[in-house]
$ cat run.txt   # compact mmCIF, C-alpha atoms
# COMPACT_ATOMS: atom_id res chain seq x y z
CA MET A 1 196.06 13.33 142.31
CA PHE A 2 193.55 15.15 140.13
CA SER A 3 194.65 13.24 137.00
CA SER A 4 194.26 9.84 138.69
CA PHE A 5 190.83 10.85 139.99
CA PHE A 6 189.65 12.05 136.63
CA GLY A 7 191.37 9.06 135.00
CA ALA A 8 189.14 6.76 137.03
CA GLU A 9 186.14 8.84 136.05
CA SER A 10 187.26 8.49 132.45
CA GLU A 11 187.38 4.66 132.72
CA LYS A 12 183.89 4.67 134.18
CA LEU A 13 182.70 6.78 131.27
CA ASN A 14 184.38 4.46 128.74
CA PHE A 15 182.71 1.50 130.42
CA MET A 16 179.35 3.25 130.20
CA CYS A 17 179.96 4.13 126.52
CA PHE A 18 179.50 0.67 125.12
CA LYS A 19 177.67 2.16 122.21
CA GLU A 20 178.54 5.35 120.29
CA ASP A 21 175.44 7.50 120.57
CA THR A 22 174.45 11.10 121.48
CA VAL A 23 174.28 10.31 125.22
CA CYS A 24 177.81 8.97 125.12
CA GLY A 25 179.04 12.06 123.27
CA LEU A 26 177.46 14.29 125.89
CA LEU A 27 179.07 12.25 128.66
CA ARG A 28 182.52 12.67 127.03
CA LEU A 29 181.97 16.43 126.74
CA SER A 30 180.89 16.70 130.36
CA ARG A 31 184.06 14.81 131.37
CA VAL A 32 186.17 17.73 130.09
CA TRP A 33 184.02 20.24 132.00
CA LEU A 34 184.19 18.11 135.14
CA THR A 35 187.98 18.27 134.95
CA TYR A 36 187.99 22.08 134.74
CA PHE A 37 185.36 22.39 137.45
CA GLY A 38 187.33 20.13 139.80
CA ILE A 39 190.56 22.06 139.31
CA THR A 40 188.83 25.41 139.87
CA ILE A 41 187.13 24.21 143.08
CA SER A 42 190.45 22.80 144.36
CA LEU A 43 192.24 26.10 143.70
CA LEU A 44 189.48 28.00 145.46
CA CYS A 45 189.68 25.65 148.47
CA VAL A 46 193.45 26.15 148.70
CA GLY A 47 192.91 29.91 148.42
CA VAL A 48 190.18 30.20 151.08
CA ALA A 49 192.24 28.34 153.63
CA ASP A 50 194.90 31.10 153.74
CA ALA A 51 195.24 34.77 154.55
CA THR A 52 198.40 36.75 154.07
CA VAL A 53 200.10 39.20 156.38
CA VAL A 54 201.16 42.33 154.52
CA ARG A 55 203.43 45.06 155.78
CA PHE A 56 203.20 48.41 154.03
CA VAL A 57 206.39 50.43 154.02
CA ALA A 58 206.91 53.93 152.65
CA ASP A 59 209.90 54.74 150.43
CA GLY A 60 209.81 58.38 151.47
CA THR A 61 208.64 60.30 154.52
CA SER A 62 205.26 61.65 153.42
CA LEU A 63 203.40 58.30 153.66
CA GLN A 64 205.21 57.14 156.80
CA GLY A 65 202.70 56.21 159.53
CA THR A 66 199.61 57.40 157.61
CA PRO A 67 196.25 55.58 157.88
CA ILE A 68 195.32 52.77 155.48
CA THR A 69 191.76 51.79 154.59
CA ASP A 70 190.42 48.76 152.77
CA LYS A 71 187.06 49.48 151.06
CA TYR A 72 186.73 52.54 153.35
CA LYS A 73 187.35 50.46 156.49
CA PHE A 74 190.33 51.54 158.56
CA VAL A 75 192.77 48.60 158.79
CA GLY A 76 195.96 50.17 160.19
CA PHE A 77 198.87 52.46 159.42
CA VAL A 78 201.81 52.36 157.02
CA GLY A 79 204.38 50.30 158.94
CA ASP A 80 201.78 47.94 160.52
CA PHE A 81 201.41 44.22 159.87
CA ILE A 82 197.93 43.74 158.40
CA GLU A 83 196.24 40.44 157.63
CA PHE A 84 194.33 40.25 154.35
CA SER A 85 191.94 37.47 153.46
CA ASP A 86 191.89 36.02 149.96
CA GLY A 87 190.16 38.09 147.32
CA GLY A 88 190.20 41.63 146.01
CA HIS A 89 190.90 44.63 148.25
CA GLU A 90 190.67 48.37 147.56
CA ILE A 91 193.49 50.00 149.46
CA ALA A 92 193.63 53.75 150.10
CA VAL A 93 196.52 55.51 151.83
CA ASP A 94 196.40 59.07 153.20
CA ALA A 95 198.84 61.25 151.27
CA PRO A 96 199.96 64.92 151.50
CA HIS A 97 197.57 67.74 150.46
CA SER A 98 194.75 65.68 152.12
CA TYR A 99 194.83 63.36 149.11
CA LYS A 100 194.24 59.62 149.10
CA VAL A 101 196.32 57.39 146.84
CA LYS A 102 194.59 54.15 145.98
CA PHE A 103 195.36 50.79 144.44
CA THR A 104 193.84 47.33 144.24
CA LEU A 105 195.39 44.44 146.11
CA THR A 106 194.59 40.86 145.14
CA VAL A 107 195.43 38.06 147.53
CA LEU A 108 195.25 34.39 146.62
CA GLY A 109 196.98 32.18 149.15
CA SER A 110 200.51 33.47 149.38
CA MET A 111 200.20 35.21 145.99
CA VAL A 112 199.83 38.95 146.28
CA SER A 113 199.48 41.33 143.38
CA VAL A 114 198.76 45.05 143.08
CA GLY A 115 197.32 47.18 140.30
CA ASN A 116 194.99 49.97 139.20
CA VAL A 117 196.60 53.00 140.86
CA THR A 118 194.31 56.04 141.31
CA SER A 119 194.12 59.11 143.54
CA GLU A 120 191.26 60.95 145.28
CA ALA A 121 191.26 64.72 145.81
CA PRO A 122 189.98 66.21 149.09
CA ASN A 123 186.31 67.21 149.15
CA CYS A 124 185.52 70.55 147.46
CA GLU A 125 189.17 71.29 146.68
CA GLN A 126 190.76 71.64 143.29
CA ALA A 127 192.30 68.41 142.00
CA LEU A 128 196.06 68.32 141.40
CA GLN A 129 198.07 66.30 138.93
CA VAL A 130 199.34 63.24 140.77
CA ILE A 131 202.10 60.89 139.72
CA TRP A 132 202.30 57.78 141.86
CA PRO A 133 204.06 54.64 140.64
CA LEU A 134 202.56 51.21 141.21
CA PRO A 135 203.52 49.87 144.67
CA LYS A 136 206.10 47.07 144.64
CA VAL A 137 205.44 43.65 146.18
CA LEU A 138 208.55 42.30 147.90
CA PRO A 139 209.14 39.22 150.05
CA HIS A 140 209.38 40.06 153.73
CA GLN A 141 212.94 39.90 155.07
CA ASP A 142 212.25 37.97 158.28
CA ASN A 143 209.10 36.06 157.55
CA GLU A 144 208.40 33.81 154.53
CA LYS A 145 204.64 34.00 154.99
CA ALA A 146 204.54 37.79 155.10
CA VAL A 147 204.83 40.17 152.16
CA THR A 148 206.10 43.73 152.07
CA ILE A 149 204.44 46.32 149.86
CA SER A 150 206.66 49.26 149.18
CA LEU A 151 204.83 52.56 148.58
CA ALA A 152 206.64 55.14 146.49
CA GLU A 153 206.49 58.84 147.25
CA PRO A 154 203.55 60.50 145.40
CA LYS A 155 204.48 63.54 143.33
CA PHE A 156 202.02 66.43 143.05
CA GLY A 157 201.88 68.80 140.08
CA GLY A 158 199.75 71.81 139.19
CA PRO A 159 195.94 72.02 139.50
CA THR A 160 193.84 70.22 136.88
CA GLY A 161 190.92 72.68 137.24
CA GLN A 162 188.50 69.96 138.38
CA THR A 163 186.66 70.17 141.71
CA GLU A 164 184.29 67.66 143.25
CA CYS A 165 182.03 68.29 146.22
CA VAL A 166 180.04 65.85 148.32
CA SER A 167 177.91 67.57 150.97
CA ALA A 168 177.96 66.05 154.43
CA SER A 169 174.68 65.11 156.05
CA MET A 170 173.60 67.42 158.89
CA ALA A 171 170.85 65.17 160.15
CA GLY A 172 171.05 63.83 163.69
CA CYS A 173 169.86 60.36 164.56
CA MET A 174 168.26 58.28 167.28
CA GLN A 175 171.20 56.92 169.26
CA LEU A 176 171.26 53.32 170.44
CA LYS A 177 174.13 51.43 172.02
CA ILE A 178 175.97 48.14 172.21
CA ILE A 179 178.18 47.04 175.06
CA LEU A 180 181.56 46.15 173.63
CA ASP A 181 183.87 43.96 175.66
CA ALA A 182 187.28 44.49 174.02
CA LYS A 183 189.95 42.05 175.12
CA SER A 184 193.36 41.19 173.77
CA GLU A 185 196.27 38.97 174.59
CA PRO A 186 198.59 40.67 175.48
CA ILE A 187 196.59 43.55 176.96
CA GLY A 188 197.22 47.23 176.18
CA ALA A 189 196.14 47.30 172.53
CA GLU A 190 194.76 50.49 170.98
CA ILE A 191 191.05 50.35 170.14
CA TRP A 192 189.87 51.85 166.84
CA ILE A 193 186.16 51.95 166.05
CA ASP A 194 185.20 52.85 162.46
CA GLY A 195 188.65 54.35 161.92
CA LYS A 196 188.58 56.53 165.07
CA LYS A 197 191.04 55.94 167.86
CA GLN A 198 189.41 55.58 171.27
CA PRO A 199 191.09 56.92 174.41
CA PHE A 200 191.02 53.45 175.97
CA GLN A 201 193.15 50.32 175.76
CA THR A 202 192.29 46.65 176.14
CA ASN A 203 190.93 45.05 178.30
CA VAL A 204 187.91 47.32 178.72
CA THR A 205 184.12 47.34 178.46
CA LEU A 206 182.74 50.22 176.42
CA SER A 207 179.31 51.58 175.64
CA VAL A 208 179.39 52.21 171.89
CA PRO A 209 176.59 54.43 170.50
CA PHE A 210 175.28 53.96 166.98
CA CYS A 211 172.56 55.40 164.79
CA GLY A 212 169.46 53.29 164.18
CA PHE A 213 170.22 52.90 160.46
CA GLU A 214 173.75 51.53 161.04
CA LYS A 215 174.09 47.79 160.62
CA GLN A 216 177.70 47.11 161.57
CA LYS A 217 180.88 48.65 162.92
CA ASP A 218 184.53 47.85 162.36
CA VAL A 219 186.64 47.31 165.44
CA LEU A 220 190.41 47.21 165.13
CA LEU A 221 192.78 46.25 167.93
CA ARG A 222 196.33 47.44 167.28
CA ARG A 223 199.60 46.96 169.09
CA THR A 224 203.11 47.85 167.94
CA ASP A 225 204.94 44.96 166.25
CA SER A 226 201.84 42.75 166.20
CA VAL A 227 199.47 41.86 163.40
CA ASN A 228 196.40 44.12 163.60
CA CYS A 229 193.18 42.37 164.58
CA MET A 230 190.12 43.50 162.62
CA ARG A 231 186.57 42.45 163.49
CA THR A 232 183.25 43.53 162.03
CA ILE A 233 180.50 43.54 164.63
CA VAL A 234 176.80 43.36 163.82
CA LEU A 235 174.82 46.02 165.69
CA SER A 236 171.75 45.25 167.71
CA PRO A 237 170.39 47.57 170.47
CA ASP A 238 171.78 46.82 173.96
CA ALA A 239 173.59 43.70 172.73
CA LYS A 240 176.72 42.65 174.62
CA ILE A 241 179.41 41.89 172.06
CA SER A 242 182.84 40.52 172.85
CA VAL A 243 185.90 41.11 170.68
CA ASN A 244 188.70 38.91 171.84
CA CYS A 245 191.98 38.92 169.89
CA ARG A 246 195.27 37.14 170.31
CA LEU A 247 197.72 39.65 168.86
CA GLN A 248 200.45 37.64 167.24
CA LYS A 249 203.91 38.64 166.16
CA PRO A 250 204.17 38.63 162.37
CA MET B 1 174.23 105.96 149.32
CA LYS B 2 175.58 106.69 152.80
CA MET B 3 174.12 104.84 155.78
CA SER B 4 173.21 106.73 158.95
CA SER B 5 174.92 105.84 162.23
CA TYR B 6 171.68 104.21 163.42
CA GLY B 7 171.35 102.17 160.20
CA ARG B 8 174.95 100.98 160.41
CA ALA B 9 174.64 99.96 164.05
CA VAL B 10 171.37 98.07 163.55
CA PHE B 11 172.73 96.34 160.43
CA LEU B 12 175.90 95.30 162.24
CA ALA B 13 173.99 94.03 165.28
CA SER B 14 171.62 92.04 163.02
CA VAL B 15 174.55 90.45 161.17
CA VAL B 16 176.23 89.51 164.47
CA LEU B 17 173.01 87.98 165.82
CA VAL B 18 172.26 86.01 162.65
CA VAL B 19 175.85 84.70 162.44
CA MET B 20 175.73 83.74 166.11
CA ALA B 21 172.42 81.90 165.72
CA ILE B 22 173.72 79.96 162.69
CA ALA B 23 177.00 79.15 164.48
CA MET B 24 175.02 77.86 167.48
CA LEU B 25 172.91 75.57 165.31
CA VAL B 26 175.95 74.21 163.45
CA PHE B 27 177.85 73.73 166.72
CA GLU B 28 174.96 71.89 168.36
CA ASN B 29 174.57 69.68 165.30
CA LYS B 30 178.26 68.90 165.30
CA LEU B 31 178.15 67.81 168.91
CA SER B 32 174.90 65.87 168.58
CA GLY B 33 176.54 62.43 168.58
CA VAL B 34 177.92 60.65 171.63
CA THR B 35 181.34 59.02 171.39
CA PRO B 36 182.11 55.57 172.81
CA GLY B 37 182.88 55.67 176.52
CA LEU B 38 183.39 53.42 179.52
CA TYR B 39 180.33 51.33 180.27
CA LEU B 40 178.89 51.94 183.76
CA THR B 41 179.46 49.00 186.09
CA ASP B 42 176.27 46.90 185.89
CA GLY B 43 174.74 49.69 183.81
CA GLY B 44 174.07 51.93 186.85
CA LEU B 45 175.61 54.89 188.71
CA SER B 46 177.30 54.33 192.05
CA ASP B 47 176.38 56.60 195.01
CA ALA B 48 179.54 58.68 194.52
CA GLN B 49 178.79 59.08 190.82
CA LYS B 50 175.22 60.16 191.58
CA GLN B 51 176.48 62.86 193.97
CA SER B 52 179.11 64.01 191.51
CA LEU B 53 176.52 64.29 188.72
CA SER B 54 174.11 66.16 190.98
CA ALA B 55 176.85 68.67 192.00
CA MET B 56 177.81 69.22 188.36
CA LEU B 57 174.19 69.88 187.31
CA ASP B 58 173.71 72.26 190.27
CA LEU B 59 176.78 74.21 189.17
CA VAL B 60 175.52 74.38 185.58
CA LYS B 61 172.11 75.64 186.74
CA LEU B 62 173.76 78.21 189.04
CA LEU B 63 175.79 79.60 186.12
CA MET B 64 172.66 79.71 183.96
CA ASN B 65 170.83 81.66 186.68
CA TRP B 66 173.77 84.08 186.86
CA ALA B 67 173.64 84.60 183.10
CA VAL B 68 169.90 85.36 183.22
CA ALA B 69 170.46 87.75 186.14
CA VAL B 70 173.23 89.60 184.27
CA ILE B 71 170.98 90.03 181.20
CA GLY B 72 168.25 91.46 183.45
CA ALA B 73 170.68 93.76 185.28
CA ALA B 74 172.18 95.08 182.01
CA GLY B 75 168.63 95.89 180.81
CA PHE B 76 167.89 97.54 184.15
CA PHE B 77 170.89 99.89 183.76
CA LEU B 78 169.69 100.98 180.34
CA LYS B 79 166.23 101.67 181.83
CA LEU B 80 167.81 103.57 184.71
CA GLY B 81 169.72 105.77 182.26
CA VAL B 82 166.51 106.58 180.38
CA GLU B 83 164.56 107.31 183.58
CA LYS B 84 167.27 109.54 185.11
CA ASP B 85 167.66 111.39 181.85
CA ILE B 86 171.30 110.36 181.55
CA PRO B 87 172.23 110.38 177.85
CA ILE B 88 172.98 106.84 176.55
CA ARG B 89 176.28 106.78 174.71
CA GLY B 90 177.36 104.39 171.98
CA ARG B 91 179.87 102.67 174.26
CA ASP B 92 177.09 101.93 176.81
CA LEU B 93 175.04 100.23 174.14
CA ILE B 94 178.02 98.27 172.81
CA LEU B 95 178.94 97.15 176.33
CA THR B 96 175.35 96.07 177.05
CA PHE B 97 175.20 94.25 173.72
CA CYS B 98 178.45 92.37 174.46
CA ILE B 99 177.30 91.49 177.99
CA ILE B 100 174.04 90.06 176.65
CA LEU B 101 175.88 88.13 173.90
CA LEU B 102 178.29 86.56 176.39
CA SER B 103 175.43 85.65 178.72
CA VAL B 104 173.42 84.08 175.89
CA ILE B 105 176.44 82.00 174.82
CA SER B 106 176.89 80.89 178.43
CA LEU B 107 173.20 79.93 178.64
CA PHE B 108 173.47 78.04 175.34
CA LEU B 109 176.49 76.07 176.56
CA GLY B 110 174.72 75.30 179.84
CA HIS B 111 171.76 73.96 177.88
CA LEU B 112 174.16 71.78 175.85
CA VAL B 113 175.77 70.39 179.03
CA ILE B 114 172.38 69.27 180.37
CA ASP B 115 171.25 67.93 176.98
CA LYS B 116 174.49 66.02 176.45
CA SER B 117 174.50 64.65 180.00
CA SER B 118 171.04 63.17 179.54
CA ALA B 119 172.06 61.61 176.18
CA ILE B 120 175.20 60.13 177.74
CA LEU B 121 173.31 58.75 180.73
CA ALA B 122 170.85 57.06 178.37
CA LEU B 123 173.82 55.20 176.85
CA ASP B 124 175.05 53.92 180.24
CA GLN B 125 178.06 56.22 180.39
CA PHE B 126 179.10 58.63 183.15
CA PRO B 127 178.68 62.26 181.91
CA VAL B 128 180.99 63.93 184.45
CA SER B 129 184.06 62.21 183.01
CA ASN B 130 183.03 62.81 179.38
CA ASP B 131 185.48 65.08 177.53
CA ARG B 132 182.79 66.94 175.58
CA VAL B 133 180.67 67.64 178.66
CA ARG B 134 183.73 68.94 180.51
CA PHE B 135 184.66 71.11 177.50
CA LEU B 136 181.15 72.60 177.32
CA GLY B 137 181.00 73.15 181.09
CA ARG B 138 184.40 74.87 181.10
CA TYR B 139 183.38 77.30 178.35
CA GLN B 140 179.97 77.92 179.95
CA TYR B 141 181.91 79.08 183.01
CA VAL B 142 184.40 81.17 180.94
CA PHE B 143 181.64 82.97 179.01
CA GLY B 144 179.52 83.45 182.16
CA LEU B 145 182.49 84.85 184.08
CA SER B 146 183.39 87.17 181.17
CA SER B 147 179.84 88.55 181.07
CA ILE B 148 179.87 89.15 184.87
CA ILE B 149 183.27 90.91 184.68
CA LEU B 150 182.15 93.03 181.73
CA PHE B 151 178.96 93.87 183.59
CA GLY B 152 181.05 94.91 186.60
CA PHE B 153 183.07 97.21 184.34
CA HIS B 154 179.88 98.62 182.83
CA VAL B 155 178.47 99.42 186.30
CA PHE B 156 181.74 101.07 187.30
CA GLN B 157 181.96 103.31 184.25
CA PHE B 158 178.24 104.14 184.46
CA PHE B 159 178.48 105.39 188.05
CA TRP B 160 181.86 107.04 187.49
CA ARG B 161 180.28 109.11 184.74
CA GLY B 162 177.40 110.04 187.08
CA LYS B 163 179.92 110.98 189.78
CA ARG B 164 181.80 113.37 187.46
CA LYS B 165 178.50 114.93 186.42
CA THR B 166 177.60 115.47 190.10
CA GLU B 167 181.00 117.07 190.75
CA PHE B 168 180.35 119.51 187.89
CA HIS B 169 177.01 120.48 189.42
CA VAL B 170 178.70 121.22 192.78
CA PHE B 171 181.21 123.51 191.14
$ encode --input "run.txt" --output "structure tokens"
Amino acid sequence: MFSSFFGAESEKLNFMCFKEDTVCGLLRLSRVWLTYFGITISLLCVGVADATVVRFVADGTSLQGTPITDKYKFVGFVGDFIEFSDGGHEIAVDAPHSYKVKFTLTVLGSMVSVGNVTSEAPNCEQALQVIWPLPKVLPHQDNEKAVTISLAEPKFGGPTGQTECVSASMAGCMQLKIILDAKSEPIGAEIWIDGKKQPFQTNVTLSVPFCGFEKQKDVLLRRTDSVNCMRTIVLSPDAKISVNCRLQKP
Amino acid sequence: MKMSSYGRAVFLASVVLVVMAIAMLVFENKLSGVTPGLYLTDGGLSDAQKQSLSAMLDLVKLLMNWAVAVIGAAGFFLKLGVEKDIPIRGRDLILTFCIILLSVISLFLGHLVIDKSSAILALDQFPVSNDRVRFLGRYQYVFGLSSIILFGFHVFQFFWRGKRKTEFHVF
């Protein structure tokens, strides 16, 4: 399809180039760039249209059921079905010794790749030597569109002698609120706000406090054997915000 | 250099008071935020909720008044001892110190219940069913009750000592 389109463009250019001059040369050069540009845009369009459901599974017991964050936003637990949009993601999984094991996840359509494995020591505690193999990307057994990422057991060695401390802020803040109407189909989903589980289930209307400097909050609706539903809500004082999710089976 | 008994006692009491003051500040700071909760229907309290809130605040104020009264009574017993020329022993002072500490903690928790309730109400939530408010109220009661019981014990041992002294005089 692309070749025929650019073939037609090429004929037009040849027709315009009745005389060999600088303008014609530039037109020929731009034809090559147009071809690359068109292919890139097409690939991007195909990519944007899709998101992939990923299920994280643990090889051992220590990562079983532990929280997963994407760029510090809580997205679910090991064992959940999580939908990832196209692009780069920074995944962190809670590991033993209060560690976080991290890797990058790149999604492009149904293509999923992982890389860049790192680990993060707990605040103000001595760092340990960590050996954690790159997670494996496997096709999901029951669903062609889903992908399974298998997380190996991290191995901890002796202390490295390095310690890093980040002091927590003690300052209070002026508290404002939004009214969050959390609904799901089917009902009875867990509600997580900014990675904290709330003692309520859908459908429910909550008053959610926030500090004046906060701009947004992440709301996650989670139900066993369903794909987690993640929404980012923009905060505005006394606003009534509705989060309505249809929790689908993977 | 060896510290005198007076020096040791004053130093220890100062350390306890400073640690308690810091712990109170840290605790209050930790509980400063309000967690998400059920939104009040139409953003207002029902009649039953208003009555429930009023009863809870009355109870909190009652316990705070009790705590203040116990502090005053413990001070009064010390004064009585001085006036009647009854020697004040170390255990009397320690008991009085503990009674006052427990009462102050109870007062502090009562203050937090009222402060938290007003913050929660401002966010259109119902304070009586809030976990943190219930937690603070429960411990305000526990510390208040402990100070009253300890005060009762202090009164008993104070008069029992006086009684024995009287018996000696008779013989």
$ residues_near_point --input "run.txt" --point "(187.0, 38.2, 148.3)" --cutoff "10 Å" --atoms "all atoms listed in the file" --output "list of chain:residue names"
A:Val48, A:Phe84, A:Ser85, A:Asp86, A:Gly87, A:Gly88, A:His89, A:Thr106, A:Val107, A:Leu108
$ closest_atom_pairs --input "run.txt" --of "chain A" --to "chain B" --cutoff "6 Å" --atoms "all atoms listed in the file" --output "JSON lines"
{"residue": "A:Thr205", "atom": "CA", "partner": "B:Tyr39", "partner_atom": "CA", "distance": 5.8}
{"residue": "A:Leu206", "atom": "CA", "partner": "B:Leu38", "partner_atom": "CA", "distance": 4.5}
{"residue": "A:Ser207", "atom": "CA", "partner": "B:Tyr39", "partner_atom": "CA", "distance": 4.7}
{"residue": "A:Val208", "atom": "CA", "partner": "B:Pro36", "partner_atom": "CA", "distance": 4.4}
$ residues_around --input "run.txt" --residues "Arg223 (chain A)" --least-positions-apart "5" --cutoff "10 Å" --atoms "only C-alpha atoms" --output "PDB file with C-alpha atoms, in the frame of the given file"
ATOM      1  CA  ASP A  80     201.780  47.940 160.520  1.00  0.00           C
ATOM      2  CA  PHE A  81     201.410  44.220 159.870  1.00  0.00           C
ATOM      3  CA  SER A 184     193.360  41.190 173.770  1.00  0.00           C
ATOM      4  CA  PRO A 186     198.590  40.670 175.480  1.00  0.00           C
ATOM      5  CA  ILE A 187     196.590  43.550 176.960  1.00  0.00           C
ATOM      6  CA  GLY A 188     197.220  47.230 176.180  1.00  0.00           C
ATOM      7  CA  ALA A 189     196.140  47.300 172.530  1.00  0.00           C
ATOM      8  CA  GLU A 190     194.760  50.490 170.980  1.00  0.00           C
ATOM      9  CA  ILE A 191     191.050  50.350 170.140  1.00  0.00           C
ATOM     10  CA  GLN A 201     193.150  50.320 175.760  1.00  0.00           C
ATOM     11  CA  ASN A 228     196.400  44.120 163.600  1.00  0.00           C
ATOM     12  CA  CYS A 229     193.180  42.370 164.580  1.00  0.00           C
ATOM     13  CA  LEU A 247     197.720  39.650 168.860  1.00  0.00           C
ATOM     14  CA  GLN A 248     200.450  37.640 167.240  1.00  0.00           C
ATOM     15  CA  LYS A 249     203.910  38.640 166.160  1.00  0.00           C
TER      16      LYS A 249
END
$ residues_around --input "run.txt" --residues "region 104-108 of chain B" --least-positions-apart "3" --cutoff "6 Å" --atoms "only C-alpha atoms" --output "list in words"
Met64, Leu101, His111, Gln140, Phe143 and Gly144 of chain B
$ write_last_selection --input "run.txt" --atoms "C-alpha atoms" --output "PDB file, in the coordinates of the input"
ATOM      1  CA  MET B  64     172.660  79.710 183.960  1.00  0.00           C
ATOM      2  CA  LEU B 101     175.880  88.130 173.900  1.00  0.00           C
ATOM      3  CA  HIS B 111     171.760  73.960 177.880  1.00  0.00           C
ATOM      4  CA  GLN B 140     179.970  77.920 179.950  1.00  0.00           C
ATOM      5  CA  PHE B 143     181.640  82.970 179.010  1.00  0.00           C
ATOM      6  CA  GLY B 144     179.520  83.450 182.160  1.00  0.00           C
TER       7      GLY B 144
END
$ atom_distance --input "run.txt" --atom1 "CA of Asp131 (chain B)" --atom2 "CA of Pro209 (chain A)"
15.6 Å
$ atom_distance --input "run.txt" --atom1 "CA of Ile91 (chain A)" --atom2 "CA of Gly158 (chain A)"
24.9 Å
$ closest_residue --input "run.txt" --among "A:Gly161, A:Pro122, A:Pro96, A:Pro250" --to "Glu144 (chain A)" --atoms "all atoms listed in the file"
A:Pro250
$ atom_distance --input "run.txt" --atom1 "CA of Gly109 (chain A)" --atom2 "CA of Thr148 (chain A)"
15.0 Å
$ residues_around --input "run.txt" --residues "Asp218 (chain A)" --least-positions-apart "4" --cutoff "8 Å" --atoms "only C-alpha atoms" --output "compact mmCIF listing (two decimals) with C-alpha atoms, in the coordinates of the input"
# COMPACT_ATOMS: atom_id res chain seq x y z
CA LYS A 73 187.35 50.46 156.49
CA PHE A 74 190.33 51.54 158.56
CA ILE A 193 186.16 51.95 166.05
CA ASP A 194 185.20 52.85 162.46
CA GLY A 195 188.65 54.35 161.92
CA MET A 230 190.12 43.50 162.62
CA ARG A 231 186.57 42.45 163.49
CA THR A 232 183.25 43.53 162.03
CA ILE A 233 180.50 43.54 164.63
$ closest_residue --input "run.txt" --among "A:Gln175, A:Thr69, A:Ser113, A:Thr163" --to "Asp238 (chain A)" --atoms "all atoms listed in the file"
A:Gln175
$ residues_near_point --input "run.txt" --point "(194.8, 57.2, 156.6)" --cutoff "10 Å" --atoms "all atoms listed in the file" --output "list in words"
Leu63, Gly65, Thr66, Pro67, Ile68, Thr69, Tyr72, Phe74, Val75, Gly76, Phe77, Val78, Ala92, Val93, Asp94, Ala95, Ser98, Tyr99, Lys100, Val101 and Gly195 of chain A
$ closest_atom_pairs --input "run.txt" --of "region 86-196 of chain A" --to "region 240-246 of chain A" --cutoff "7 Å" --atoms "all atoms listed in the file" --output "CSV"
residue,atom,partner,partner_atom,distance
A:Ile178,CA,A:Lys240,CA,6.0
A:Ile179,CA,A:Lys240,CA,4.6
A:Leu180,CA,A:Ile241,CA,5.0
A:Asp181,CA,A:Ser242,CA,4.6
A:Ala182,CA,A:Val243,CA,4.9
A:Lys183,CA,A:Asn244,CA,4.7
A:Ser184,CA,A:Cys245,CA,4.7
A:Glu185,CA,A:Arg246,CA,4.8
